[in-house]
file entry_11.txt (compact mmCIF, C-alpha atoms)
# COMPACT_ATOMS: atom_id res chain seq x y z
CA MET A 266 -19.89 -31.83 3.41
CA MET A 267 -18.97 -28.20 2.90
CA TRP A 268 -20.72 -28.20 -0.47
CA LYS A 269 -23.95 -29.25 1.14
CA TRP A 270 -23.70 -26.33 3.53
CA LEU A 271 -22.66 -23.85 0.84
CA HIS A 272 -25.03 -25.08 -1.81
CA PRO A 273 -28.09 -22.98 -0.90
CA TYR A 274 -25.98 -19.81 -1.28
CA ALA A 275 -25.52 -20.51 -4.96
CA ASN A 276 -29.15 -19.49 -5.21
CA PRO A 277 -29.42 -15.74 -5.88
CA GLU A 278 -32.58 -15.29 -3.84
CA ILE A 279 -31.12 -16.88 -0.70
CA SER A 280 -27.86 -14.97 -1.07
CA TYR A 281 -29.76 -11.74 -1.59
CA HIS A 282 -31.61 -12.15 1.68
CA PHE A 283 -28.50 -13.39 3.50
CA ALA A 284 -26.54 -10.30 2.42
CA GLY A 285 -29.51 -8.19 3.48
CA LYS A 286 -29.41 -9.77 6.92
CA ILE A 287 -25.70 -9.18 7.64
CA LEU A 288 -25.60 -5.72 6.01
CA PRO A 289 -27.12 -3.73 8.91
CA TRP A 290 -24.93 -5.51 11.45
CA CYS A 291 -21.77 -4.75 9.51
CA ALA A 292 -22.87 -1.16 9.07
CA ARG A 293 -23.51 -0.76 12.80
CA LEU A 294 -20.20 -2.35 13.77
CA ALA A 295 -18.39 -0.20 11.21
CA PHE A 296 -19.99 2.92 12.65
CA VAL A 297 -19.08 2.02 16.24
CA PHE A 298 -15.50 0.98 15.46
CA LEU A 299 -14.85 3.96 13.19
CA ALA A 300 -16.35 6.46 15.64
CA ILE A 301 -14.17 5.14 18.46
CA GLY A 302 -11.11 4.52 16.30
CA ILE A 303 -11.03 7.84 14.49
CA THR A 304 -11.72 9.90 17.63
CA TRP A 305 -8.99 7.97 19.42
CA ALA A 306 -6.57 8.30 16.53
CA LEU A 307 -7.13 11.99 15.84
CA LEU A 308 -7.56 13.35 19.35
CA PHE A 309 -5.98 11.02 21.88
CA ALA A 310 -3.17 9.07 20.23
CA PRO A 311 0.21 10.72 20.91
CA ALA A 312 1.84 12.75 18.14
CA ASP A 313 4.93 11.31 16.48
CA TYR A 314 8.29 12.57 17.71
CA GLN A 315 9.40 13.64 14.23
CA GLN A 316 6.27 14.20 12.20
CA GLY A 317 4.01 15.68 14.86
CA ASP A 318 0.34 15.52 13.99
CA THR A 319 0.96 14.87 10.31
CA PHE A 320 1.51 11.21 11.09
CA ARG A 321 -2.20 10.83 11.97
CA ILE A 322 -2.96 10.34 8.29
CA PHE A 323 -1.45 6.90 8.95
CA TYR A 324 -4.80 5.85 10.48
CA LEU A 325 -6.53 6.41 7.17
CA HIS A 326 -3.71 5.67 4.73
CA VAL A 327 -2.59 2.29 6.04
CA PRO A 328 -6.06 0.69 6.46
CA ALA A 329 -7.03 1.99 3.00
CA ALA A 330 -3.87 0.56 1.42
CA MET A 331 -4.18 -2.79 3.19
CA LEU A 332 -7.85 -3.10 2.27
CA SER A 333 -7.20 -2.08 -1.33
CA MET A 334 -5.02 -5.20 -1.59
CA GLY A 335 -7.33 -7.35 0.54
CA ILE A 336 -10.35 -6.51 -1.61
CA TYR A 337 -8.35 -7.32 -4.72
CA LEU A 338 -7.47 -10.72 -3.33
CA GLY A 339 -11.14 -11.35 -2.51
CA MET A 340 -12.13 -10.25 -6.02
CA ALA A 341 -9.54 -12.56 -7.56
CA ILE A 342 -10.78 -15.52 -5.51
CA ALA A 343 -14.33 -14.75 -6.66
CA ALA A 344 -13.07 -14.54 -10.26
CA LEU A 345 -11.29 -17.89 -9.90
CA SER A 346 -14.39 -19.64 -8.58
CA SER A 347 -16.40 -18.06 -11.36
CA LEU A 348 -13.99 -19.29 -14.05
CA VAL A 349 -13.47 -22.79 -12.66
CA TRP A 350 -16.76 -23.65 -10.96
CA GLN A 351 -18.86 -21.24 -13.05
CA LEU A 352 -20.72 -19.84 -10.10
CA ARG A 353 -22.86 -17.03 -11.44
CA LEU A 354 -22.90 -15.32 -8.08
CA ALA A 355 -19.11 -15.21 -7.95
CA ASP A 356 -19.21 -12.86 -10.95
CA ALA A 357 -21.71 -10.65 -9.14
CA THR A 358 -19.43 -10.64 -6.09
CA ALA A 359 -16.37 -9.66 -8.13
CA ALA A 360 -18.34 -6.94 -9.92
CA ALA A 361 -19.58 -5.66 -6.56
CA MET A 362 -16.08 -5.52 -5.09
CA ALA A 363 -14.19 -3.78 -7.90
CA PRO A 364 -15.43 -0.17 -7.46
CA ILE A 365 -15.00 -0.38 -3.67
CA GLY A 366 -11.44 -1.61 -4.08
CA ALA A 367 -10.73 1.12 -6.63
CA THR A 368 -12.01 3.74 -4.18
CA PHE A 369 -9.78 2.47 -1.38
CA THR A 370 -6.77 2.38 -3.70
CA PHE A 371 -7.52 5.96 -4.68
CA ILE A 372 -7.80 6.98 -1.02
CA ALA A 373 -4.46 5.30 -0.26
CA LEU A 374 -2.77 7.15 -3.13
CA ILE A 375 -4.28 10.54 -2.28
CA THR A 376 -3.58 10.35 1.46
CA GLY A 377 -0.07 9.13 0.67
CA ALA A 378 0.54 12.12 -1.58
CA ALA A 379 -0.85 14.51 1.04
CA TRP A 380 1.60 13.02 3.56
CA GLY A 381 4.49 12.84 1.12
CA LYS A 382 4.49 16.55 0.31
CA PRO A 383 5.30 17.78 3.84
CA MET A 384 7.38 14.77 4.90
CA TRP A 385 9.36 13.73 1.85
CA GLY A 386 9.16 17.04 0.04
CA THR A 387 7.28 15.67 -2.98
CA TRP A 388 3.72 14.66 -3.86
CA TRP A 389 4.78 11.78 -6.01
CA ILE A 390 7.84 9.76 -6.88
CA TRP A 391 8.09 6.83 -9.27
CA ASP A 392 9.41 4.38 -6.74
CA ALA A 393 8.41 0.72 -6.72
CA ARG A 394 5.74 0.97 -4.00
CA LEU A 395 3.92 3.98 -5.37
CA THR A 396 4.08 2.78 -8.96
CA SER A 397 2.78 -0.71 -8.16
CA GLU A 398 -0.09 0.75 -6.12
CA LEU A 399 -0.96 2.98 -9.07
CA ILE A 400 -0.95 -0.12 -11.29
CA LEU A 401 -3.41 -1.68 -8.82
CA LEU A 402 -5.74 1.27 -9.40
CA PHE A 403 -5.47 0.75 -13.17
CA LEU A 404 -6.19 -2.97 -12.74
CA TYR A 405 -9.34 -2.13 -10.79
CA LEU A 406 -10.40 0.35 -13.46
CA GLY A 407 -9.78 -2.28 -16.14
CA VAL A 408 -11.89 -4.85 -14.28
CA ILE A 409 -14.72 -2.32 -13.83
CA ALA A 410 -14.55 -1.38 -17.51
CA LEU A 411 -14.67 -5.03 -18.63
CA HIS A 412 -17.62 -5.79 -16.37
CA ASN A 413 -19.50 -3.03 -18.14
CA ALA A 414 -18.14 -3.58 -21.64
CA PHE A 415 -20.39 -6.50 -22.60
CA GLU A 416 -24.15 -6.85 -22.74
CA ASP A 417 -23.74 -10.53 -21.88
CA LYS A 418 -22.91 -10.59 -18.18
CA ASN A 419 -21.34 -14.07 -18.37
CA LEU A 420 -18.94 -12.97 -21.05
CA ALA A 421 -18.18 -9.77 -19.15
CA GLY A 422 -17.54 -11.75 -15.98
CA LYS A 423 -15.16 -14.06 -17.80
CA ALA A 424 -13.15 -11.23 -19.38
CA ALA A 425 -12.97 -9.24 -16.14
CA GLY A 426 -12.15 -12.40 -14.19
CA ILE A 427 -9.13 -13.18 -16.37
CA LEU A 428 -7.80 -9.64 -15.92
CA ALA A 429 -8.41 -9.84 -12.16
CA LEU A 430 -6.52 -13.13 -11.93
CA VAL A 431 -3.59 -11.91 -13.99
CA GLY A 432 -3.40 -8.83 -11.78
CA VAL A 433 -2.89 -10.96 -8.68
CA ILE A 434 0.81 -10.98 -9.58
CA ASN A 435 0.85 -7.31 -8.60
CA LEU A 436 -0.12 -8.03 -4.98
CA PRO A 437 3.17 -9.57 -3.78
CA ILE A 438 4.99 -6.90 -5.79
CA ILE A 439 3.19 -4.15 -3.85
CA LYS A 440 3.70 -5.93 -0.54
CA TYR A 441 7.40 -6.66 -0.94
CA SER A 442 8.40 -3.69 -3.13
CA VAL A 443 9.85 -1.93 -0.10
CA GLU A 444 12.03 -4.95 0.69
CA TRP A 445 13.11 -6.00 -2.78
CA TRP A 446 14.15 -2.57 -3.99
CA ASN A 447 15.39 0.72 -2.65
CA THR A 448 12.31 2.89 -2.36
CA LEU A 449 11.49 6.26 -0.89
CA HIS A 450 8.45 4.67 0.75
CA GLN A 451 9.25 3.30 4.20
CA GLY A 452 9.01 -0.37 5.12
CA ALA A 453 6.08 -2.04 6.85
CA THR A 454 5.16 -0.70 10.29
CA VAL A 455 2.23 -2.94 11.22
CA SER A 456 1.58 -5.41 8.41
CA LYS A 457 4.45 -7.69 9.25
CA LEU A 458 5.25 -10.55 11.58
CA GLY A 459 6.44 -9.61 15.03
CA GLN A 460 6.11 -6.43 16.96
CA PRO A 461 4.76 -3.37 15.13
CA SER A 462 7.27 -0.54 14.81
CA MET A 463 5.13 1.80 16.86
CA THR A 464 4.19 2.08 20.50
CA ALA A 465 1.06 0.37 21.86
CA ASP A 466 -0.78 3.67 22.40
CA MET A 467 -0.33 4.41 18.70
CA PHE A 468 -1.04 0.87 17.55
CA TRP A 469 -4.38 0.22 19.28
CA PRO A 470 -6.28 3.08 17.63
CA PHE A 471 -4.91 1.82 14.33
CA LEU A 472 -6.30 -1.65 15.00
CA VAL A 473 -9.73 -0.24 15.89
CA CYS A 474 -9.73 1.94 12.76
CA PHE A 475 -8.69 -1.00 10.62
CA ILE A 476 -11.46 -3.24 11.97
CA GLY A 477 -13.93 -0.39 11.43
CA PHE A 478 -12.86 0.06 7.82
CA ALA A 479 -12.99 -3.71 7.28
CA PHE A 480 -16.62 -3.78 8.48
CA LEU A 481 -17.36 -0.76 6.31
CA VAL A 482 -15.98 -2.60 3.29
CA THR A 483 -18.05 -5.70 4.12
CA ALA A 484 -21.18 -3.59 4.45
CA LEU A 485 -20.50 -1.82 1.14
CA ILE A 486 -19.84 -5.13 -0.61
CA CYS A 487 -23.15 -6.54 0.72
CA LEU A 488 -24.95 -3.43 -0.50
CA ARG A 489 -23.46 -3.59 -3.98
CA PHE A 490 -23.79 -7.38 -4.12
CA ARG A 491 -27.54 -7.09 -3.52
CA SER A 492 -27.98 -4.55 -6.26
CA GLU A 493 -25.86 -6.66 -8.62
CA ILE A 494 -28.12 -9.66 -7.95
CA LEU A 495 -31.26 -7.61 -8.60
CA ASN A 496 -29.75 -6.24 -11.78
CA ARG A 497 -28.78 -9.64 -13.11
CA ASN A 498 -32.06 -11.33 -12.17
CA SER A 499 -34.48 -8.53 -12.95
CA MET A 500 -36.62 -10.85 -15.09
CA ARG A 501 -36.96 -13.53 -12.42
CA PRO A 502 -40.34 -13.98 -10.72
CA TRP A 503 -38.92 -13.59 -7.20
CA VAL A 504 -37.43 -10.20 -8.08
CA ARG A 505 -40.69 -9.03 -9.63
CA GLU A 506 -42.53 -10.18 -6.56
CA LEU A 507 -40.04 -8.33 -4.36
CA VAL A 508 -40.48 -5.15 -6.37
CA ALA A 509 -44.27 -5.49 -6.26
CA THR A 510 -44.32 -5.84 -2.45
CA GLU A 511 -41.91 -2.91 -2.10
CA GLU A 512 -44.12 -0.77 -4.28
CA LYS A 513 -47.17 -1.73 -2.29
CA ALA A 514 -45.40 -0.87 0.95
CA HIS A 515 -44.41 2.56 -0.36
CA ALA A 516 -47.82 3.27 -1.88
CA VAL A 517 -49.55 2.96 1.48
CA MET B 247 -14.01 -32.65 -8.82
CA ASN B 248 -15.42 -33.35 -12.25
CA PRO B 249 -13.00 -33.50 -15.18
CA ARG B 250 -14.18 -30.29 -16.87
CA ARG B 251 -13.67 -28.27 -13.73
CA LYS B 252 -10.34 -29.94 -13.13
CA LYS B 253 -9.25 -29.01 -16.65
CA ARG B 254 -10.34 -25.40 -16.24
CA LEU B 255 -8.57 -25.18 -12.88
CA THR B 256 -5.37 -26.58 -14.41
CA ILE B 257 -5.52 -24.12 -17.30
CA VAL B 258 -6.15 -21.12 -15.03
CA THR B 259 -3.44 -22.09 -12.52
CA SER B 260 -0.86 -22.77 -15.20
CA ILE B 261 -1.58 -19.42 -16.88
CA ILE B 262 -1.21 -17.62 -13.53
CA ILE B 263 2.00 -19.47 -12.67
CA GLY B 264 3.41 -18.86 -16.15
CA LEU B 265 2.65 -15.14 -15.96
CA GLY B 266 4.07 -15.05 -12.46
CA VAL B 267 7.35 -16.48 -13.71
CA VAL B 268 7.40 -14.02 -16.62
CA ALA B 269 6.73 -11.10 -14.29
CA GLY B 270 9.42 -12.35 -11.92
CA LEU B 271 12.01 -12.57 -14.69
CA VAL B 272 11.10 -9.15 -16.08
CA LEU B 273 11.36 -7.57 -12.64
CA TYR B 274 14.64 -9.36 -12.03
CA ALA B 275 16.03 -8.06 -15.30
CA LEU B 276 14.82 -4.57 -14.52
CA SER B 277 15.84 -4.61 -10.88
CA GLN B 278 18.64 -2.08 -11.30
CA ASN B 279 16.22 0.31 -12.95
CA ILE B 280 13.50 -0.22 -10.36
CA ASP B 281 15.91 0.60 -7.54
CA LEU B 282 15.15 4.17 -6.72
CA PHE B 283 18.65 5.12 -5.64
CA TYR B 284 22.28 4.21 -5.25
CA LYS B 285 23.72 3.68 -1.80
CA PRO B 286 26.94 5.58 -1.09
CA SER B 287 28.96 2.34 -1.00
CA GLU B 288 27.54 1.44 -4.41
CA ILE B 289 29.03 4.62 -5.87
CA TYR B 290 32.46 3.16 -5.06
CA ASN B 291 31.88 -0.56 -5.55
CA GLY B 292 29.07 -0.65 -8.09
CA LYS B 293 25.54 -1.96 -7.62
CA GLN B 294 25.20 -4.87 -5.23
CA ASP B 295 23.79 -7.38 -7.71
CA THR B 296 25.23 -6.30 -11.02
CA GLY B 297 28.40 -4.46 -10.10
CA LEU B 298 27.28 -1.67 -12.40
CA LYS B 299 29.10 1.54 -11.56
CA ALA B 300 27.87 5.08 -11.97
CA ILE B 301 30.02 7.27 -14.18
CA ASN B 302 30.86 10.95 -13.83
CA GLY B 303 28.21 13.16 -15.32
CA GLN B 304 25.50 10.55 -14.81
CA ARG B 305 22.21 11.72 -13.36
CA LEU B 306 21.27 9.49 -10.47
CA ARG B 307 19.60 9.34 -7.11
CA ILE B 308 21.62 8.74 -4.01
CA GLY B 309 20.07 7.52 -0.77
CA GLY B 310 21.71 7.39 2.63
CA LEU B 311 21.93 8.79 6.12
CA VAL B 312 23.21 12.30 6.70
CA VAL B 313 26.48 11.93 8.61
CA PRO B 314 26.25 13.91 11.87
CA GLY B 315 28.53 16.94 11.87
CA SER B 316 28.97 16.94 8.11
CA VAL B 317 26.34 19.56 7.25
CA HIS B 318 27.89 22.84 6.06
CA ARG B 319 25.63 25.75 5.25
CA ASN B 320 26.74 28.78 3.33
CA SER B 321 25.87 31.84 5.40
CA GLU B 322 25.33 34.02 2.30
CA SER B 323 23.04 31.72 0.33
CA LEU B 324 20.91 28.55 0.47
CA LYS B 325 23.87 26.44 -0.59
CA VAL B 326 24.39 23.46 1.66
CA SER B 327 26.60 20.42 1.54
CA PHE B 328 26.57 17.25 3.60
CA LYS B 329 27.92 13.72 3.59
CA LEU B 330 25.82 10.59 3.20
CA ALA B 331 26.64 7.12 4.51
CA ASP B 332 24.82 3.82 3.90
CA MET B 333 21.54 3.38 5.72
CA ARG B 334 21.86 0.86 8.44
CA MET B 335 19.39 -0.37 11.01
CA PRO B 336 19.89 0.22 13.87
CA ILE B 337 21.28 3.61 12.92
CA SER B 338 25.01 3.82 13.49
CA PHE B 339 27.99 5.47 11.88
CA SER B 340 31.61 4.50 11.76
CA GLU B 341 34.70 6.31 10.50
CA THR B 342 35.37 3.67 7.88
CA ASP B 343 31.95 3.96 6.16
CA PRO B 344 32.27 5.07 2.56
CA THR B 345 30.60 8.48 2.25
CA VAL B 346 29.46 10.61 -0.63
CA THR B 347 29.23 14.39 -0.53
CA VAL B 348 26.01 16.05 -1.67
CA SER B 349 25.94 19.72 -2.50
CA TYR B 350 22.59 21.38 -2.93
CA ASP B 351 21.26 24.86 -3.53
CA GLY B 352 17.69 25.10 -2.31
CA ILE B 353 15.28 24.57 0.54
CA LEU B 354 15.65 21.31 2.42
CA PRO B 355 12.58 19.31 3.51
CA ASP B 356 11.35 19.66 7.10
CA LEU B 357 12.54 16.21 8.08
CA PHE B 358 16.11 16.96 7.02
CA ARG B 359 18.45 16.60 9.95
CA GLU B 360 21.66 14.84 10.85
CA GLY B 361 21.19 11.09 11.07
CA GLN B 362 18.09 11.29 8.85
CA GLY B 363 17.59 9.21 5.71
CA ILE B 364 17.78 11.33 2.55
CA VAL B 365 17.26 10.66 -1.15
CA ALA B 366 18.90 13.24 -3.42
CA ASN B 367 18.56 13.49 -7.18
CA GLY B 368 21.56 14.95 -8.97
CA ILE B 369 24.63 14.61 -11.17
CA LEU B 370 27.72 12.68 -10.11
CA VAL B 371 30.96 14.66 -10.40
CA ASN B 372 34.53 13.82 -9.36
CA GLY B 373 33.59 10.26 -8.51
CA ASN B 374 32.04 10.93 -5.14
CA VAL B 375 30.32 14.33 -5.18
CA ILE B 376 26.71 14.76 -6.20
CA GLU B 377 25.38 18.11 -7.28
CA ALA B 378 21.77 17.67 -6.27
CA SER B 379 18.81 19.38 -7.87
CA GLU B 380 16.31 17.82 -5.45
CA VAL B 381 16.60 16.56 -1.89
CA LEU B 382 13.85 14.38 -0.40
CA ALA B 383 13.59 13.09 3.15
CA LYS B 384 13.12 9.36 3.59
CA HIS B 385 11.11 8.49 6.62
CA ASP B 386 11.58 5.10 8.26
CA GLU B 387 8.84 2.79 9.46
CA ASN B 388 9.25 3.63 13.16
CA TYR B 389 6.75 5.84 14.90
CA MET B 390 6.86 6.88 18.52
CA PRO B 391 5.50 9.56 20.80
CA ARG B 392 7.63 12.48 21.82
CA GLU B 393 7.35 11.60 25.52
CA LEU B 394 9.47 8.54 24.98
CA LEU B 395 12.32 10.80 24.01
CA ASP B 396 12.03 12.96 27.10
CA ASP B 397 11.77 9.97 29.36
CA ALA B 398 15.38 9.05 29.85
CA THR B 399 14.65 5.90 31.82
CA GLU B 400 12.40 4.31 29.28
CA LYS B 401 13.86 2.70 26.21
CA PRO B 402 12.22 3.30 22.83
CA VAL B 403 10.03 0.34 21.85
CA ASN B 404 11.98 -0.49 18.81
CA SER B 405 15.36 0.18 20.33
CA SER B 406 16.68 0.77 16.85
CA TYR B 407 17.59 4.30 17.85
CA SER B 408 20.11 5.18 20.46
CA LYS B 409 18.92 7.85 22.81
CA ASN B 410 21.95 10.05 22.23
CA LEU B 411 21.47 10.04 18.51
CA LEU B 412 17.80 11.00 18.83
CA GLU B 413 18.68 13.88 21.11
CA THR B 414 21.31 15.23 18.81
CA THR B 415 19.20 14.81 15.71
CA TYR B 416 15.89 15.96 16.98
call {"tool": "encode", "arguments": {"input": "entry_11.txt", "output": "structure tokens"}}
result
Amino acid sequence: MMWKWLHPYANPEISYHFAGKILPWCARLAFVFLAIGITWALLFAPADYQQGDTFRIFYLHVPAAMLSMGIYLGMAIAALSSLVWQLRLADATAAAMAPIGATFTFIALITGAAWGKPMWGTWWIWDARLTSELILLFLYLGVIALHNAFEDKNLAGKAAGILALVGVINLPIIKYSVEWWNTLHQGATVSKLGQPSMTADMFWPFLVCFIGFAFLVTALICLRFRSEILNRNSMRPWVRELVATEEKAHAV
Amino acid sequence: MNPRRKKRLTIVTSIIIGLGVVAGLVLYALSQNIDLFYKPSEIYNGKQDTGLKAINGQRLRIGGLVVPGSVHRNSESLKVSFKLADMRMPISFSETDPTVTVSYDGILPDLFREGQGIVANGILVNGNVIEASEVLAKHDENYMPRELLDDATEKPVNSSYSKNLLETTY
């Protein structure tokens, strides 16, 4: 049943146009949510009783960190379906996701350091949370490198997919590092069951920001996914036709 | 599912599970090294899991809450000493808590205050004194607006702080 419904999307051309259709909607929603969320978070949310305005970096740091792990999970699922069901498009999806995930990991690390200096008194400490998040960045970089290391895209996808799957072990380590070990990094404020450890007027702008960033990530993945498909199918007639019509449109 | 796919799925899952177990065992074996700091009670009783005790002269990190009223500053210099007790949520102190004294010569982080979580890096001397070369503030996961503090009638959302403690520490 589900296969019948999913089957057309194994076709690159259909997927290309599908991604093209949802891309502008995701981009618009991302813009709206981020505009509201960031204005709310930076200007109207109350300052923290101890950290003052410095805590506002939370609204960038936490969504970036959560998405860095979420994107990795998505990439690993794509890698698994590529290895087991040999879906060509799954490789393209994983390749499209890796640089975006790496960027969000980098943002999480940088904003964390910028917060750590005034609050903790240090830019960096080798505690379990920070170290495992840094390993996540290296995993992303490894996946990106492997995707580009081989001329044969199938081979590259297989190598990168294995690394991506092995790296999944790091996700629960990042998530639970603050519970399993003594760390300088604080425990979870929002990404846990039950009530968030912040007041509602601080939490809502976070939720809006998070949804905005999630749409932004979806839009970016669609964008990169489309270019991956074009890259991998550049010799196909439908791509040539597409390029020809584009050229005609621009020539006029 | 056709047999080839089934076989590939089995291979991939078993590799992932195998590596997961390996990673779990490695992390378990390394757990005392991954722990960033000792708790004050662990200085006396040894690490919770392994019973490993710190020895005099060992460089270690100690993490705990600054005991209210224990901070002594030297009026001539930056030297400061304070006592640390185990972190406990909700924050509370009792007379019987094992405490460790930290002495430090330097500038304390902005978040340093009585009742605040602190991680200090230093050398253990005399069994329960740490001569720190670095003091870091550990922030907890609770955030709240300042107004909640001023509003005596309203209880903090998390209720893990007592109002009195916040007033004395803020």
call {"tool": "residues_around", "arguments": {"input": "entry_11.txt", "residues": "Thr358 (chain A)", "least_positions_apart": "6", "cutoff": "10 Å", "atoms": "all atoms listed in the file", "output": "list in words"}}
result
Gly339, Met340, Ile342, Ala343, Ala344, Ser347, Ile486, Cys487, Arg489, Phe490, Arg491, Glu493 and Ile494 of chain A
call {"tool": "write_last_selection", "arguments": {"input": "entry_11.txt", "atoms": "C-alpha atoms", "output": "compact mmCIF listing (two decimals), keeping the file's coordinate frame"}}
result
# COMPACT_ATOMS: atom_id res chain seq x y z
CA GLY A 339 -11.14 -11.35 -2.51
CA MET A 340 -12.13 -10.25 -6.02
CA ILE A 342 -10.78 -15.52 -5.51
CA ALA A 343 -14.33 -14.75 -6.66
CA ALA A 344 -13.07 -14.54 -10.26
CA SER A 347 -16.40 -18.06 -11.36
CA ILE A 486 -19.84 -5.13 -0.61
CA CYS A 487 -23.15 -6.54 0.72
CA ARG A 489 -23.46 -3.59 -3.98
CA PHE A 490 -23.79 -7.38 -4.12
CA ARG A 491 -27.54 -7.09 -3.52
CA GLU A 493 -25.86 -6.66 -8.62
CA ILE A 494 -28.12 -9.66 -7.95
call {"tool": "closest_residue", "arguments": {"input": "entry_11.txt", "among": "A:Trp270, A:Trp469, A:Phe371, A:Trp391", "to": "chain B", "atoms": "only C-alpha atoms"}}
result
A:Trp391
call {"tool": "closest_atom_pairs", "arguments": {"input": "entry_11.txt", "of": "chain A", "to": "chain B", "cutoff": "8 Å", "atoms": "only C-alpha atoms", "output": "JSON lines"}}
result
{"residue": "A:Pro311", "atom": "CA", "partner": "B:Pro391", "partner_atom": "CA", "distance": 5.4}
{"residue": "A:Ala312", "atom": "CA", "partner": "B:Pro391", "partner_atom": "CA", "distance": 5.5}
{"residue": "A:Asp313", "atom": "CA", "partner": "B:Pro391", "partner_atom": "CA", "distance": 4.7}
{"residue": "A:Tyr314", "atom": "CA", "partner": "B:Arg392", "partner_atom": "CA", "distance": 4.2}
{"residue": "A:Gln315", "atom": "CA", "partner": "B:Leu357", "partner_atom": "CA", "distance": 7.4}
{"residue": "A:Gln316", "atom": "CA", "partner": "B:Leu357", "partner_atom": "CA", "distance": 7.8}
{"residue": "A:Leu345", "atom": "CA", "partner": "B:Val258", "partner_atom": "CA", "distance": 7.9}
{"residue": "A:Leu348", "atom": "CA", "partner": "B:Arg254", "partner_atom": "CA", "distance": 7.4}
{"residue": "A:Val349", "atom": "CA", "partner": "B:Arg254", "partner_atom": "CA", "distance": 5.4}
{"residue": "A:Trp350", "atom": "CA", "partner": "B:Arg251", "partner_atom": "CA", "distance": 6.2}
{"residue": "A:Pro383", "atom": "CA", "partner": "B:Asp356", "partner_atom": "CA", "distance": 7.1}
{"residue": "A:Met384", "atom": "CA", "partner": "B:Leu357", "partner_atom": "CA", "distance": 6.2}
{"residue": "A:Trp385", "atom": "CA", "partner": "B:Ala383", "partner_atom": "CA", "distance": 4.5}
{"residue": "A:Gly386", "atom": "CA", "partner": "B:Pro355", "partner_atom": "CA", "distance": 5.4}
{"residue": "A:Thr387", "atom": "CA", "partner": "B:Leu382", "partner_atom": "CA", "distance": 7.2}
{"residue": "A:Trp391", "atom": "CA", "partner": "B:Leu282", "partner_atom": "CA", "distance": 8.0}
{"residue": "A:Asp392", "atom": "CA", "partner": "B:Leu282", "partner_atom": "CA", "distance": 5.7}
{"residue": "A:Ala393", "atom": "CA", "partner": "B:Ile280", "partner_atom": "CA", "distance": 6.3}
{"residue": "A:Leu430", "atom": "CA", "partner": "B:Ile262", "partner_atom": "CA", "distance": 7.1}
{"residue": "A:Val431", "atom": "CA", "partner": "B:Ile262", "partner_atom": "CA", "distance": 6.2}
{"residue": "A:Ile434", "atom": "CA", "partner": "B:Gly266", "partner_atom": "CA", "distance": 6.0}
{"residue": "A:Trp446", "atom": "CA", "partner": "B:Asp281", "partner_atom": "CA", "distance": 5.1}
{"residue": "A:Asn447", "atom": "CA", "partner": "B:Asp281", "partner_atom": "CA", "distance": 4.9}
{"residue": "A:Thr448", "atom": "CA", "partner": "B:Leu282", "partner_atom": "CA", "distance": 5.4}
{"residue": "A:Leu449", "atom": "CA", "partner": "B:Lys384", "partner_atom": "CA", "distance": 5.7}
{"residue": "A:His450", "atom": "CA", "partner": "B:Lys384", "partner_atom": "CA", "distance": 7.2}
{"residue": "A:Gln451", "atom": "CA", "partner": "B:Asp386", "partner_atom": "CA", "distance": 5.0}
{"residue": "A:Gly452", "atom": "CA", "partner": "B:Glu387", "partner_atom": "CA", "distance": 5.4}
{"residue": "A:Ala453", "atom": "CA", "partner": "B:Glu387", "partner_atom": "CA", "distance": 6.1}
{"residue": "A:Thr454", "atom": "CA", "partner": "B:Glu387", "partner_atom": "CA", "distance": 5.1}
{"residue": "A:Ser462", "atom": "CA", "partner": "B:Asn388", "partner_atom": "CA", "distance": 4.9}
{"residue": "A:Met463", "atom": "CA", "partner": "B:Tyr389", "partner_atom": "CA", "distance": 4.8}
{"residue": "A:Thr464", "atom": "CA", "partner": "B:Met390", "partner_atom": "CA", "distance": 5.8}
{"residue": "A:Met467", "atom": "CA", "partner": "B:Met390", "partner_atom": "CA", "distance": 7.6}
call {"tool": "atom_distance", "arguments": {"input": "entry_11.txt", "atom1": "CA of Leu311 (chain B)", "atom2": "CA of Asp318 (chain A)"}}
result
23.9 Å
call {"tool": "atom_distance", "arguments": {"input": "entry_11.txt", "atom1": "CA of Ser379 (chain B)", "atom2": "CA of Val443 (chain A)"}}
result
24.4 Å
call {"tool": "closest_residue", "arguments": {"input": "entry_11.txt", "among": "A:Cys291, A:Val327, A:Ile365, A:Ala359", "to": "Leu411 (chain A)", "atoms": "all atoms listed in the file"}}
result
A:Ala359
call {"tool": "atom_distance", "arguments": {"input": "entry_11.txt", "atom1": "CA of Pro344 (chain B)", "atom2": "CA of Arg319 (chain B)"}}
result
21.9 Å
call {"tool": "residues_around", "arguments": {"input": "entry_11.txt", "residues": "Thr345 (chain B)", "least_positions_apart": "2", "cutoff": "7 Å", "atoms": "all atoms listed in the file", "output": "PyMOL selection string"}}
result
chain B and resi 286+329-331+343+347
call {"tool": "write_last_selection", "arguments": {"input": "entry_11.txt", "atoms": "C-alpha atoms", "output": "PDB file, keeping the file's coordinate frame"}}
result
ATOM      1  CA  PRO B 286      26.940   5.580  -1.090  1.00  0.00           C
ATOM      2  CA  LYS B 329      27.920  13.720   3.590  1.00  0.00           C
ATOM      3  CA  LEU B 330      25.820  10.590   3.200  1.00  0.00           C
ATOM      4  CA  ALA B 331      26.640   7.120   4.510  1.00  0.00           C
ATOM      5  CA  ASP B 343      31.950   3.960   6.160  1.00  0.00           C
ATOM      6  CA  THR B 347      29.230  14.390  -0.530  1.00  0.00           C
TER       7      THR B 347
END
call {"tool": "closest_residue", "arguments": {"input": "entry_11.txt", "among": "B:Glu288, B:Asn320, B:Ser349, B:Ile301", "to": "Met333 (chain B)", "atoms": "all atoms listed in the file"}}
result
B:Glu288
